[in-house]
file protein-v1.pdb (PDB, C-alpha atoms)
ATOM      1  CA  MET A   1     -28.463  -4.177   3.378
ATOM      2  CA  LEU A   2     -25.073  -4.631   1.714
ATOM      3  CA  SER A   3     -24.794  -4.247  -2.038
ATOM      4  CA  GLY A   4     -21.380  -3.054  -3.219
ATOM      5  CA  ASP A   5     -20.470  -2.036  -6.747
ATOM      6  CA  GLU A   6     -21.170  -3.797 -10.035
ATOM      7  CA  SER A   7     -18.131  -6.075  -9.785
ATOM      8  CA  ILE A   8     -19.101  -7.237  -6.287
ATOM      9  CA  GLY A   9     -22.534  -8.092  -7.655
ATOM     10  CA  LYS A  10     -20.894 -10.707  -9.901
ATOM     11  CA  ARG A  11     -19.072 -12.485  -7.088
ATOM     12  CA  PRO A  12     -20.662 -15.586  -5.547
ATOM     13  CA  MET A  13     -21.547 -15.160  -1.885
ATOM     14  CA  ASP A  14     -22.718 -18.692  -1.118
ATOM     15  CA  ARG A  15     -19.365 -19.748   0.295
ATOM     16  CA  ILE A  16     -19.683 -16.983   2.903
ATOM     17  CA  LEU A  17     -23.405 -17.445   3.474
ATOM     18  CA  LYS A  18     -23.018 -21.180   4.152
ATOM     19  CA  PRO A  19     -20.873 -20.906   7.331
ATOM     20  CA  LEU A  20     -22.612 -17.747   8.558
ATOM     21  CA  THR A  21     -26.014 -19.371   8.172
ATOM     22  CA  ALA A  22     -24.691 -22.370  10.094
ATOM     23  CA  MET A  23     -23.868 -19.867  12.850
ATOM     24  CA  ASP A  24     -27.561 -18.811  12.808
ATOM     25  CA  ALA A  25     -26.910 -15.506  11.058
ATOM     26  CA  ASN A  26     -30.067 -14.165   9.413
ATOM     27  CA  ILE A  27     -28.915 -13.289   5.890
ATOM     28  CA  THR A  28     -30.753 -13.482   2.585
ATOM     29  CA  ALA A  29     -29.347 -12.971  -0.903
ATOM     30  CA  ILE A  30     -30.514 -12.983  -4.503
ATOM     31  CA  ASP A  31     -30.650 -16.634  -5.583
ATOM     32  CA  ASN A  32     -28.959 -17.384  -2.249
ATOM     33  CA  ASN A  33     -25.709 -16.328  -3.864
ATOM     34  CA  TYR A  34     -25.503 -12.675  -4.929
ATOM     35  CA  THR A  35     -25.761  -9.163  -3.497
ATOM     36  CA  PRO A  36     -27.588  -7.270  -2.233
ATOM     37  CA  LEU A  37     -27.455  -9.082   1.106
ATOM     38  CA  ILE A  38     -30.199  -8.354   3.632
ATOM     39  CA  ILE A  39     -28.977  -8.899   7.201
ATOM     40  CA  LYS A  40     -31.265  -8.975  10.231
ATOM     41  CA  PRO A  41     -30.406  -9.238  13.946
ATOM     42  CA  ALA A  42     -29.688 -12.746  15.209
ATOM     43  CA  GLN A  43     -27.966 -14.563  18.058
ATOM     44  CA  ILE A  44     -24.793 -16.045  16.618
ATOM     45  CA  LYS A  45     -23.629 -19.482  17.756
ATOM     46  CA  GLY A  46     -20.169 -20.991  17.571
ATOM     47  CA  ILE A  47     -19.388 -23.770  15.080
ATOM     48  CA  ASN A  48     -16.725 -26.214  14.006
ATOM     49  CA  TYR A  49     -16.117 -25.480  10.342
ATOM     50  CA  GLU A  50     -13.871 -27.083   7.758
ATOM     51  CA  MET A  51     -13.036 -24.585   5.043
ATOM     52  CA  GLU A  52     -14.066 -25.668   1.541
ATOM     53  CA  VAL A  53     -11.851 -23.082  -0.160
ATOM     54  CA  ALA A  54      -8.554 -21.451   0.808
ATOM     55  CA  SER A  55     -10.037 -17.989   1.306
ATOM     56  CA  ALA A  56      -9.043 -15.350   3.839
ATOM     57  CA  GLN A  57     -12.340 -13.535   3.209
ATOM     58  CA  VAL A  58     -14.445 -16.540   4.177
ATOM     59  CA  LYS A  59     -12.224 -17.256   7.175
ATOM     60  CA  SER A  60     -12.429 -13.651   8.399
ATOM     61  CA  ALA A  61     -16.217 -13.579   8.076
ATOM     62  CA  ILE A  62     -16.426 -16.591  10.407
ATOM     63  CA  LEU A  63     -13.858 -15.141  12.820
ATOM     64  CA  PHE A  64     -15.647 -11.811  13.223
ATOM     65  CA  ALA A  65     -19.034 -13.465  13.607
ATOM     66  CA  SER A  66     -17.601 -15.807  16.249
ATOM     67  CA  LEU A  67     -16.748 -12.886  18.521
ATOM     68  CA  PHE A  68     -20.421 -12.643  19.485
ATOM     69  CA  ALA A  69     -21.095 -16.359  20.009
ATOM     70  CA  ASP A  70     -21.669 -17.998  23.397
ATOM     71  CA  GLU A  71     -19.762 -21.076  22.219
ATOM     72  CA  GLN A  72     -16.236 -21.719  20.977
ATOM     73  CA  THR A  73     -15.616 -21.582  17.226
ATOM     74  CA  THR A  74     -13.034 -23.778  15.513
ATOM     75  CA  ILE A  75     -11.963 -23.358  11.894
ATOM     76  CA  LYS A  76      -9.915 -25.891   9.970
ATOM     77  CA  GLU A  77      -8.182 -24.238   7.042
ATOM     78  CA  LEU A  78      -7.807 -25.914   3.689
ATOM     79  CA  GLY A  79      -4.423 -24.217   3.238
ATOM     80  CA  THR A  80      -2.484 -21.193   4.423
ATOM     81  CA  THR A  81      -4.256 -17.891   3.802
ATOM     82  CA  ARG A  82      -3.660 -14.297   4.863
ATOM     83  CA  ASN A  83      -3.737 -13.971   8.640
ATOM     84  CA  HIS A  84      -4.382 -10.248   9.114
ATOM     85  CA  SER A  85      -7.568 -10.901  11.107
ATOM     86  CA  GLU A  86      -5.835 -13.269  13.513
ATOM     87  CA  THR A  87      -2.969 -10.790  13.895
ATOM     88  CA  MET A  88      -5.387  -7.988  14.733
ATOM     89  CA  PHE A  89      -7.256 -10.177  17.219
ATOM     90  CA  GLU A  90      -4.023 -10.831  19.084
ATOM     91  CA  HIS A  91      -3.021  -7.162  18.937
ATOM     92  CA  PHE A  92      -6.332  -6.102  20.485
ATOM     93  CA  ASN A  93      -6.201  -8.813  23.163
ATOM     94  CA  ILE A  94      -8.836 -11.136  21.690
ATOM     95  CA  PRO A  95      -7.770 -14.710  22.491
ATOM     96  CA  VAL A  96      -7.116 -16.615  19.281
ATOM     97  CA  GLN A  97      -5.256 -19.892  19.130
ATOM     98  CA  THR A  98      -3.665 -21.136  15.929
ATOM     99  CA  LYS A  99      -2.022 -24.521  15.550
ATOM    100  CA  ASP A 100      -1.302 -26.271  12.282
ATOM    101  CA  ASP A 101      -4.449 -25.728  10.178
ATOM    102  CA  TYR A 102      -6.749 -24.990  13.134
ATOM    103  CA  ILE A 103      -7.934 -21.649  14.525
ATOM    104  CA  GLU A 104      -9.925 -21.388  17.769
ATOM    105  CA  ILE A 105     -11.880 -18.455  19.198
ATOM    106  CA  PRO A 106     -13.294 -18.785  22.757
ATOM    107  CA  PRO A 107     -16.900 -17.988  23.718
ATOM    108  CA  LYS A 108     -17.767 -14.275  23.864
ATOM    109  CA  GLY A 109     -14.416 -13.271  22.418
ATOM    110  CA  ILE A 110     -15.563  -9.664  21.988
ATOM    111  CA  GLU A 111     -15.516  -9.209  25.766
ATOM    112  CA  HIS A 112     -11.704  -9.460  25.782
ATOM    113  CA  ILE A 113     -11.065  -6.615  23.349
ATOM    114  CA  GLN A 114      -8.781  -3.790  24.479
ATOM    115  CA  ALA A 115      -7.812  -0.592  22.698
ATOM    116  CA  ALA A 116      -4.260  -0.366  21.351
ATOM    117  CA  ASP A 117      -2.267   1.794  18.953
ATOM    118  CA  PHE A 118      -1.449   0.276  15.581
ATOM    119  CA  ASN A 119       0.680   1.346  12.624
ATOM    120  CA  VAL A 120      -1.084   0.511   9.359
ATOM    121  CA  PRO A 121       1.521  -0.612   6.793
ATOM    122  CA  GLY A 122       1.379   0.067   3.084
ATOM    123  CA  ASP A 123      -0.468  -2.573   1.077
ATOM    124  CA  ILE A 124       1.868  -4.996  -0.687
ATOM    125  CA  SER A 125      -0.815  -5.638  -3.319
ATOM    126  CA  SER A 126      -0.682  -1.954  -4.285
ATOM    127  CA  ALA A 127       3.118  -1.919  -4.112
ATOM    128  CA  ALA A 128       3.240  -4.940  -6.438
ATOM    129  CA  TYR A 129       2.430  -2.824  -9.508
ATOM    130  CA  PHE A 130       5.403  -0.554  -8.904
ATOM    131  CA  ILE A 131       7.626  -3.509  -8.029
ATOM    132  CA  VAL A 132       6.867  -5.019 -11.440
ATOM    133  CA  ALA A 133       7.115  -1.634 -13.171
ATOM    134  CA  GLY A 134      10.641  -1.226 -11.837
ATOM    135  CA  LEU A 135      11.678  -4.732 -12.840
ATOM    136  CA  ILE A 136      10.463  -4.555 -16.464
ATOM    137  CA  THR A 137      11.121  -0.909 -17.415
ATOM    138  CA  PRO A 138      14.665  -0.139 -18.651
ATOM    139  CA  ASP A 139      16.837   2.030 -16.369
ATOM    140  CA  SER A 140      14.314   1.892 -13.514
ATOM    141  CA  ASP A 141      15.320   2.153  -9.858
ATOM    142  CA  ILE A 142      12.359   2.428  -7.456
ATOM    143  CA  THR A 143      12.181   2.373  -3.652
ATOM    144  CA  ILE A 144       8.861   1.923  -1.832
ATOM    145  CA  HIS A 145       8.727   2.540   1.924
ATOM    146  CA  ASN A 146       6.589   1.091   4.747
ATOM    147  CA  VAL A 147       5.352  -1.940   2.789
ATOM    148  CA  GLY A 148       3.644  -4.693   4.782
ATOM    149  CA  ILE A 149       5.605  -7.945   4.449
ATOM    150  CA  ASN A 150       3.392 -10.277   6.481
ATOM    151  CA  SER A 151       4.642 -13.765   5.582
ATOM    152  CA  THR A 152       1.153 -14.865   4.481
ATOM    153  CA  ARG A 153       1.059 -11.979   1.973
ATOM    154  CA  SER A 154       4.649 -11.647   0.752
ATOM    155  CA  GLY A 155       4.555 -14.245  -1.999
ATOM    156  CA  ILE A 156       5.467 -11.705  -4.672
ATOM    157  CA  ILE A 157       8.781 -11.040  -2.929
ATOM    158  CA  ASP A 158       9.620 -14.745  -2.980
ATOM    159  CA  ILE A 159       8.534 -14.986  -6.621
ATOM    160  CA  VAL A 160      10.728 -12.083  -7.730
ATOM    161  CA  THR A 161      13.643 -13.508  -5.739
ATOM    162  CA  GLN A 162      13.238 -16.936  -7.364
ATOM    163  CA  MET A 163      13.134 -15.251 -10.784
ATOM    164  CA  GLU A 164      16.414 -13.514  -9.849
ATOM    165  CA  GLY A 165      14.881 -10.084 -10.183
ATOM    166  CA  ASN A 166      16.836  -7.253  -8.617
ATOM    167  CA  ILE A 167      14.948  -6.712  -5.341
ATOM    168  CA  THR A 168      16.266  -5.642  -1.922
ATOM    169  CA  LEU A 169      14.498  -5.247   1.437
ATOM    170  CA  PHE A 170      15.795  -2.913   4.153
ATOM    171  CA  ASN A 171      14.508  -0.846   7.116
ATOM    172  CA  GLN A 172      12.639  -3.940   8.283
ATOM    173  CA  THR A 173      10.399  -3.715  11.367
ATOM    174  CA  ASN A 174       8.849  -6.462  13.471
ATOM    175  CA  GLY A 175       5.576  -5.055  14.815
ATOM    176  CA  ALA A 176       2.179  -6.728  14.756
ATOM    177  CA  GLU A 177       2.409  -6.395  10.986
ATOM    178  CA  PRO A 178       6.077  -6.344   9.857
ATOM    179  CA  THR A 179       7.146  -3.774   7.265
ATOM    180  CA  ALA A 180      10.124  -3.016   5.042
ATOM    181  CA  SER A 181      11.386  -0.632   2.415
ATOM    182  CA  ILE A 182      11.621  -2.380  -0.958
ATOM    183  CA  ARG A 183      14.040  -1.366  -3.718
ATOM    184  CA  VAL A 184      13.700  -2.796  -7.230
ATOM    185  CA  GLN A 185      15.833  -2.202 -10.298
ATOM    186  CA  TYR A 186      15.433  -3.090 -13.964
ATOM    187  CA  SER A 187      16.073  -6.816 -14.427
ATOM    188  CA  PRO A 188      16.317  -7.878 -18.092
ATOM    189  CA  ASN A 189      17.456 -11.468 -17.450
ATOM    190  CA  MET A 190      14.836 -12.921 -15.127
ATOM    191  CA  LYS A 191      14.308 -16.668 -14.963
ATOM    192  CA  PRO A 192      10.927 -18.375 -15.536
ATOM    193  CA  ILE A 193       9.086 -19.799 -12.550
ATOM    194  CA  HIS A 194       6.474 -22.390 -11.589
ATOM    195  CA  ILE A 195       4.012 -20.904  -9.088
ATOM    196  CA  GLU A 196       1.876 -23.470  -7.280
ATOM    197  CA  GLY A 197       0.839 -24.920  -3.912
ATOM    198  CA  ASP A 198       1.262 -22.807  -0.782
ATOM    199  CA  LEU A 199       2.851 -19.966  -2.738
ATOM    200  CA  VAL A 200      -0.411 -19.206  -4.563
ATOM    201  CA  PRO A 201      -2.560 -17.943  -1.630
ATOM    202  CA  ARG A 202       0.409 -15.819  -0.502
ATOM    203  CA  ALA A 203       0.260 -13.981  -3.834
ATOM    204  CA  ILE A 204      -3.329 -14.526  -4.993
ATOM    205  CA  ASP A 205      -4.220 -10.850  -5.516
ATOM    206  CA  GLU A 206      -0.953 -10.190  -7.340
ATOM    207  CA  ILE A 207      -1.328 -12.963  -9.941
ATOM    208  CA  PRO A 208      -2.417 -10.635 -12.813
ATOM    209  CA  ILE A 209       0.629  -8.375 -12.420
ATOM    210  CA  ILE A 210       2.869 -11.417 -11.807
ATOM    211  CA  ALA A 211       1.607 -12.853 -15.106
ATOM    212  CA  LEU A 212       2.775  -9.684 -16.849
ATOM    213  CA  LEU A 213       6.132 -10.010 -15.082
ATOM    214  CA  CYS A 214       6.473 -13.589 -16.297
ATOM    215  CA  THR A 215       6.096 -12.493 -19.929
ATOM    216  CA  GLN A 216       9.462 -10.756 -19.496
ATOM    217  CA  ALA A 217      11.286 -13.868 -18.215
ATOM    218  CA  ASN A 218      13.657 -15.798 -20.465
ATOM    219  CA  GLY A 219      11.569 -18.995 -20.467
ATOM    220  CA  THR A 220       8.039 -20.349 -20.034
ATOM    221  CA  SER A 221       6.411 -19.849 -16.619
ATOM    222  CA  ILE A 222       3.464 -21.794 -15.192
ATOM    223  CA  ILE A 223       0.873 -20.742 -12.614
ATOM    224  CA  LYS A 224      -1.388 -23.460 -11.190
ATOM    225  CA  ASP A 225      -3.594 -24.138  -8.125
ATOM    226  CA  ALA A 226      -5.123 -20.674  -8.566
ATOM    227  CA  GLU A 227      -8.820 -21.568  -9.014
ATOM    228  CA  GLU A 228      -9.662 -18.834  -6.498
ATOM    229  CA  LEU A 229      -9.015 -16.297  -9.259
ATOM    230  CA  LYS A 230     -12.215 -17.367 -10.988
ATOM    231  CA  VAL A 231     -14.404 -15.782  -8.292
ATOM    232  CA  LYS A 232     -12.787 -12.376  -7.977
ATOM    233  CA  GLU A 233     -14.227  -9.203  -9.538
ATOM    234  CA  THR A 234     -13.727 -11.015 -12.846
ATOM    235  CA  ASN A 235     -12.474 -14.456 -13.764
ATOM    236  CA  ARG A 236      -8.915 -13.178 -13.470
ATOM    237  CA  ILE A 237      -7.388 -16.199 -15.167
ATOM    238  CA  ASP A 238      -9.272 -15.640 -18.418
ATOM    239  CA  THR A 239      -9.347 -11.850 -18.236
ATOM    240  CA  THR A 240      -5.603 -11.525 -17.605
ATOM    241  CA  ALA A 241      -4.736 -13.880 -20.454
ATOM    242  CA  ASN A 242      -7.251 -12.413 -22.889
ATOM    243  CA  MET A 243      -6.272  -8.780 -22.320
ATOM    244  CA  LEU A 244      -2.526  -9.432 -22.514
ATOM    245  CA  ASN A 245      -2.968 -11.614 -25.593
ATOM    246  CA  LEU A 246      -4.762  -8.706 -27.294
ATOM    247  CA  LEU A 247      -1.537  -6.737 -26.853
ATOM    248  CA  GLY A 248       0.611  -9.416 -28.453
ATOM    249  CA  PHE A 249       1.753 -11.311 -25.368
ATOM    250  CA  THR A 250       1.412 -15.108 -25.328
ATOM    251  CA  LEU A 251      -0.529 -16.580 -22.399
ATOM    252  CA  GLN A 252      -2.572 -19.758 -22.306
ATOM    253  CA  PRO A 253      -5.304 -19.887 -19.641
ATOM    254  CA  THR A 254      -5.894 -23.233 -17.917
ATOM    255  CA  ASN A 255      -8.517 -24.494 -15.473
ATOM    256  CA  ASP A 256      -6.451 -23.372 -12.481
ATOM    257  CA  GLY A 257      -3.899 -20.910 -13.817
ATOM    258  CA  MET A 258      -1.865 -19.930 -16.865
ATOM    259  CA  ILE A 259       1.038 -20.939 -19.061
ATOM    260  CA  ILE A 260       3.047 -17.803 -19.842
ATOM    261  CA  HIS A 261       5.568 -17.658 -22.655
ATOM    262  CA  PRO A 262       8.296 -15.055 -23.121
ATOM    263  CA  SER A 263       6.636 -12.380 -25.206
ATOM    264  CA  ALA A 264       6.404  -8.669 -25.877
ATOM    265  CA  LEU A 265       3.811  -5.958 -26.276
ATOM    266  CA  GLU A 266       3.765  -6.105 -30.072
ATOM    267  CA  GLN A 267       0.550  -4.239 -30.823
ATOM    268  CA  THR A 268      -1.710  -1.687 -29.224
ATOM    269  CA  ALA A 269      -5.391  -2.367 -28.846
ATOM    270  CA  THR A 270      -8.304  -1.090 -26.820
ATOM    271  CA  VAL A 271      -8.411  -3.235 -23.702
ATOM    272  CA  ASP A 272     -10.811  -3.327 -20.757
ATOM    273  CA  SER A 273     -10.568  -3.685 -16.989
ATOM    274  CA  TYR A 274     -14.040  -5.244 -16.916
ATOM    275  CA  THR A 275     -14.526  -3.188 -13.716
ATOM    276  CA  ASP A 276     -11.699  -5.130 -12.020
ATOM    277  CA  HIS A 277      -9.267  -2.752 -10.315
ATOM    278  CA  ARG A 278      -6.354  -5.199 -10.455
ATOM    279  CA  ILE A 279      -6.797  -5.845 -14.168
ATOM    280  CA  GLY A 280      -6.879  -2.098 -14.821
ATOM    281  CA  MET A 281      -3.642  -1.432 -12.934
ATOM    282  CA  MET A 282      -1.912  -4.429 -14.531
ATOM    283  CA  LEU A 283      -2.759  -3.089 -17.999
ATOM    284  CA  ALA A 284      -1.456   0.359 -17.068
ATOM    285  CA  ILE A 285       1.890  -1.185 -16.110
ATOM    286  CA  ALA A 286       1.892  -3.158 -19.369
ATOM    287  CA  SER A 287       1.598   0.160 -21.223
ATOM    288  CA  LEU A 288       5.089   1.059 -19.984
ATOM    289  CA  LEU A 289       6.423  -1.481 -22.491
ATOM    290  CA  THR A 290       5.353   0.615 -25.486
ATOM    291  CA  SER A 291       5.876   4.209 -26.567
ATOM    292  CA  GLU A 292       2.390   4.287 -28.075
ATOM    293  CA  SER A 293      -0.760   5.188 -26.174
ATOM    294  CA  LEU A 294      -2.998   2.459 -24.801
ATOM    295  CA  THR A 295      -6.736   2.830 -24.201
ATOM    296  CA  ILE A 296      -8.096   0.991 -21.137
ATOM    297  CA  ASN A 297     -11.876   1.033 -20.879
ATOM    298  CA  GLN A 298     -13.505   1.256 -17.422
ATOM    299  CA  PHE A 299     -10.182   2.308 -15.953
ATOM    300  CA  ASP A 300     -11.883   4.143 -13.096
ATOM    301  CA  ALA A 301     -12.223   0.721 -11.441
ATOM    302  CA  VAL A 302      -8.699   1.233 -10.065
ATOM    303  CA  ASN A 303     -10.178   3.713  -7.572
ATOM    304  CA  VAL A 304     -11.647   0.761  -5.656
ATOM    305  CA  SER A 305      -8.274   0.091  -4.021
ATOM    306  CA  PHE A 306      -5.827   2.775  -5.228
ATOM    307  CA  PRO A 307      -7.409   6.177  -5.996
ATOM    308  CA  GLY A 308      -4.012   7.850  -6.522
ATOM    309  CA  PHE A 309      -2.559   5.132  -8.727
ATOM    310  CA  MET A 310      -2.150   7.130 -11.946
ATOM    311  CA  ASP A 311      -0.739  10.143 -10.089
ATOM    312  CA  LYS A 312       1.969   7.914  -8.591
ATOM    313  CA  LEU A 313       2.715   6.290 -11.940
ATOM    314  CA  LYS A 314       3.008   9.660 -13.700
ATOM    315  CA  GLN A 315       5.243  10.897 -10.880
ATOM    316  CA  LEU A 316       7.644   8.018 -11.525
ATOM    317  CA  GLU A 317       7.563   8.627 -15.286
ATOM    318  CA  ASN A 318       8.377  12.300 -14.731
ATOM    319  CA  GLU A 319      11.279  11.428 -12.417
ATOM    320  CA  GLY A 320      12.671   8.845 -14.865
TER
END
call {"tool": "encode", "arguments": {"input": "protein-v1.pdb", "output": "C-alpha cells"}}
result
Amino acid sequence: MLSGDESIGKRPMDRILKPLTAMDANITAIDNNYTPLIIKPAQIKGINYEMEVASAQVKSAILFASLFADEQTTIKELGTTRNHSETMFEHFNIPVQTKDDYIEIPPKGIEHIQAADFNVPGDISSAAYFIVAGLITPDSDITIHNVGINSTRSGIIDIVTQMEGNITLFNQTNGAEPTASIRVQYSPNMKPIHIEGDLVPRAIDEIPIIALLCTQANGTSIIKDAEELKVKETNRIDTTANMLNLLGFTLQPTNDGMIIHPSALEQTATVDSYTDHRIGMMLAIASLLTSESLTINQFDAVNVSFPGFMDKLKQLENEG
C-alpha cells in the first residue's frame, strides 16, 4: 500500500493509473483516483501509449513498469519533459531509444541492467530559491556548487538569462547528468518575460519562485501553458497568486498561468504553504523583501524536499 502525506492525498492519480492498468498492473485507489493505492502482484505487459499530459512522473511510471514486460513499450510524449529516468536507464545499460517524441524500451529491459557508479548532482529546483534570493536581495552575491543543469530541467537558467539577471555558470561537467557552479548577483533592472510552450515543462517546479522573481522585473510578465501546476500538492497557480497578493504583490491567475505586474511586498500578513513545500520556500524568499517578520503557516512542509532549507537561508543572512 502506498499512501504518502496529506498533500499527496489531494493529487489525482488517475493519469498514472490509466497507463499502468493498461499494462495489466493490479492497482486500486479511492474513487479510482486518490491514495492510498493498493498494489498486488501482476504480470506487466508492454504497451504503445500516447501521453495525455506532459508529465515526467507519468512517463517514468510507465518506463519503470515496462522493464518487467515481455513485450516492447513505446511512449509518445505530448511535449518535452524531464528525462532523468531515460538518462539513468542509459547509464545502467538498459536499452532505451529516444527519437523525436518517441521513447522505446525493449522486452525484459531489466535483464540488461548493470551496476555503475554515479555522481548525484544538486537539485536545481532546490537551488532555484537561492538563485532568486540572490537576484532580488540588494548587495547579494551567491555561488551554488554542483547544481544539475540537465537541459530538460534548466529552464530557470534560461529564464533568468532572458530577464538579463546577473547569472554565471562555471566549473561545468558533462557526465550522465551535467553539473555546474552557479553564481548570481543582485539584479535591480531585470526585464519582464513571457514564459510559455516548451520552456514551461523545463521549469514547471520552479514556477512559484519564478513568479516572485517576475514581480521584481520592470514590466509585466506572463506565464501560460502551465496547466500542470493545478495538480501539484496544491493548485500552484491560484495558491502562488493568492499568497503573494496577500503581501501586496499584484498577480492575476489565469486558467493556465499568471499575469505578473511589477510590484512590491507592501504589507505583512499571515500566509500559508497549504502543505506545499514549494509554496512555503517561495514565501520564505519573499520575506527577504521586508524588514518585518512574516508568519508562514504549515511551514514544516518544506521538509518534504529540503529539510535544511531554513538553516541554509539563515547562513546566507548571517554572511551578508
call {"tool": "closest_residue", "arguments": {"input": "protein-v1.pdb", "among": "A:Ala241, A:Leu199, A:Met88, A:Ala42", "to": "Gln114 of chain A", "atoms": "only C-alpha atoms"}}
result
A:Met88
call {"tool": "residues_around", "arguments": {"input": "protein-v1.pdb", "residues": "segment 250-262 of chain A", "least_positions_apart": "6", "cutoff": "12 Å", "atoms": "all atoms listed in the file", "output": "VMD selection string"}}
result
chain A and resid 188 to 197 200 204 207 to 208 210 to 231 235 to 244
call {"tool": "resolve_selection", "arguments": {"input": "protein-v1.pdb", "expression": "the PyMOL selection byres ((chain A and resi 141-150) around 8)", "output": "PyMOL selection string"}}
result
chain A and resi 121-124+127+130-131+134+139-140+151-154+177-186
call {"tool": "residues_around", "arguments": {"input": "protein-v1.pdb", "residues": "Ser60 of chain A", "least_positions_apart": "4", "cutoff": "8 Å", "atoms": "only C-alpha atoms", "output": "PyMOL selection string"}}
result
chain A and resi 56+64+85
call {"tool": "closest_atom_pairs", "arguments": {"input": "protein-v1.pdb", "of": "segment 190-305 of chain A", "to": "segment 10-25 of chain A", "cutoff": "9 Å", "atoms": "all atoms listed in the file", "output": "CSV"}}
result
residue,atom,partner,partner_atom,distance
A:Val231,CA,A:Arg11,CA,5.8
A:Lys232,CA,A:Arg11,CA,6.3
A:Glu233,CA,A:Arg11,CA,6.3
A:Thr234,CA,A:Lys10,CA,7.8
call {"tool": "closest_residue", "arguments": {"input": "protein-v1.pdb", "among": "A:Glu317, A:Asp117, A:Glu206, A:Glu266", "to": "Asn245 of chain A", "atoms": "all atoms listed in the file"}}
result
A:Glu266
call {"tool": "resolve_selection", "arguments": {"input": "protein-v1.pdb", "expression": "the PyMOL selection byres ((chain A and resi 66-79) around 7)", "output": "short mmCIF file (atom, residue, chain, number, x, y, z; two decimals) with C-alpha atoms, in the frame of the given file"}}
result
data_model
loop_
_atom_site.label_atom_id
_atom_site.label_comp_id
_atom_site.auth_asym_id
_atom_site.auth_seq_id
_atom_site.Cartn_x
_atom_site.Cartn_y
_atom_site.Cartn_z
CA ILE A 44 -24.79 -16.05 16.62
CA LYS A 45 -23.63 -19.48 17.76
CA GLY A 46 -20.17 -20.99 17.57
CA ILE A 47 -19.39 -23.77 15.08
CA ASN A 48 -16.73 -26.21 14.01
CA TYR A 49 -16.12 -25.48 10.34
CA GLU A 50 -13.87 -27.08 7.76
CA MET A 51 -13.04 -24.58 5.04
CA GLU A 52 -14.07 -25.67 1.54
CA VAL A 53 -11.85 -23.08 -0.16
CA ALA A 54 -8.55 -21.45 0.81
CA ILE A 62 -16.43 -16.59 10.41
CA LEU A 63 -13.86 -15.14 12.82
CA PHE A 64 -15.65 -11.81 13.22
CA ALA A 65 -19.03 -13.46 13.61
CA THR A 80 -2.48 -21.19 4.42
CA THR A 81 -4.26 -17.89 3.80
CA ASP A 101 -4.45 -25.73 10.18
CA TYR A 102 -6.75 -24.99 13.13
CA ILE A 103 -7.93 -21.65 14.52
CA GLU A 104 -9.93 -21.39 17.77
CA ILE A 105 -11.88 -18.45 19.20
CA PRO A 106 -13.29 -18.78 22.76
CA PRO A 107 -16.90 -17.99 23.72
CA LYS A 108 -17.77 -14.28 23.86
CA GLY A 109 -14.42 -13.27 22.42
CA ILE A 110 -15.56 -9.66 21.99
#
call {"tool": "resolve_selection", "arguments": {"input": "protein-v1.pdb", "expression": "the PyMOL selection byres ((chain A and resi 35) around 10)", "output": "VMD selection string"}}
result
chain A and resid 1 to 6 8 to 13 28 to 34 36 to 38
call {"tool": "closest_residue", "arguments": {"input": "protein-v1.pdb", "among": "A:Ile156, A:Leu265, A:Tyr129, A:Lys59", "to": "Val302 of chain A", "atoms": "all atoms listed in the file"}}
result
A:Tyr129
call {"tool": "atom_distance", "arguments": {"input": "protein-v1.pdb", "atom1": "atom CA of Ser187 of chain A", "atom2": "atom CA of Thr161 of chain A"}}
result
11.2 Å
call {"tool": "atom_distance", "arguments": {"input": "protein-v1.pdb", "atom1": "atom CA of Thr270 of chain A", "atom2": "atom CA of Thr295 of chain A"}}
result
5.0 Å
call {"tool": "closest_atom_pairs", "arguments": {"input": "protein-v1.pdb", "of": "segment 41-142 of chain A", "to": "segment 273-292 of chain A", "cutoff": "10 Å", "atoms": "only C-alpha atoms", "output": "JSON lines"}}
result
{"residue": "A:Ser125", "atom": "CA", "partner": "A:Arg278", "partner_atom": "CA", "distance": 9.0}
{"residue": "A:Ser126", "atom": "CA", "partner": "A:Arg278", "partner_atom": "CA", "distance": 9.0}
{"residue": "A:Ala128", "atom": "CA", "partner": "A:Met282", "partner_atom": "CA", "distance": 9.6}
{"residue": "A:Tyr129", "atom": "CA", "partner": "A:Ile285", "partner_atom": "CA", "distance": 6.8}
{"residue": "A:Phe130", "atom": "CA", "partner": "A:Ile285", "partner_atom": "CA", "distance": 8.0}
{"residue": "A:Val132", "atom": "CA", "partner": "A:Ile285", "partner_atom": "CA", "distance": 7.8}
{"residue": "A:Ala133", "atom": "CA", "partner": "A:Ile285", "partner_atom": "CA", "distance": 6.0}
{"residue": "A:Gly134", "atom": "CA", "partner": "A:Ile285", "partner_atom": "CA", "distance": 9.7}
{"residue": "A:Ile136", "atom": "CA", "partner": "A:Leu289", "partner_atom": "CA", "distance": 7.9}
{"residue": "A:Thr137", "atom": "CA", "partner": "A:Leu288", "partner_atom": "CA", "distance": 6.8}
{"residue": "A:Pro138", "atom": "CA", "partner": "A:Leu289", "partner_atom": "CA", "distance": 9.2}
call {"tool": "closest_residue", "arguments": {"input": "protein-v1.pdb", "among": "A:Thr98, A:Gln298, A:Gln57, A:Ser293", "to": "Asp272 of chain A", "atoms": "all atoms listed in the file"}}
result
A:Gln298
call {"tool": "axis_aligned_box", "arguments": {"input": "protein-v1.pdb", "around": "segment 222-233 of chain A", "padding_each_side": "6 Å", "output": "AutoDock Vina command-line options"}}
result
--center_x -5.5 --center_y -16.7 --center_z -10.8 --size_x 29.9 --size_y 26.9 --size_z 20.7
call {"tool": "closest_residue", "arguments": {"input": "protein-v1.pdb", "among": "A:Ser263, A:Ala176, A:Ala269, A:Gly155", "to": "Leu247 of chain A", "atoms": "only C-alpha atoms"}}
result
A:Ala269
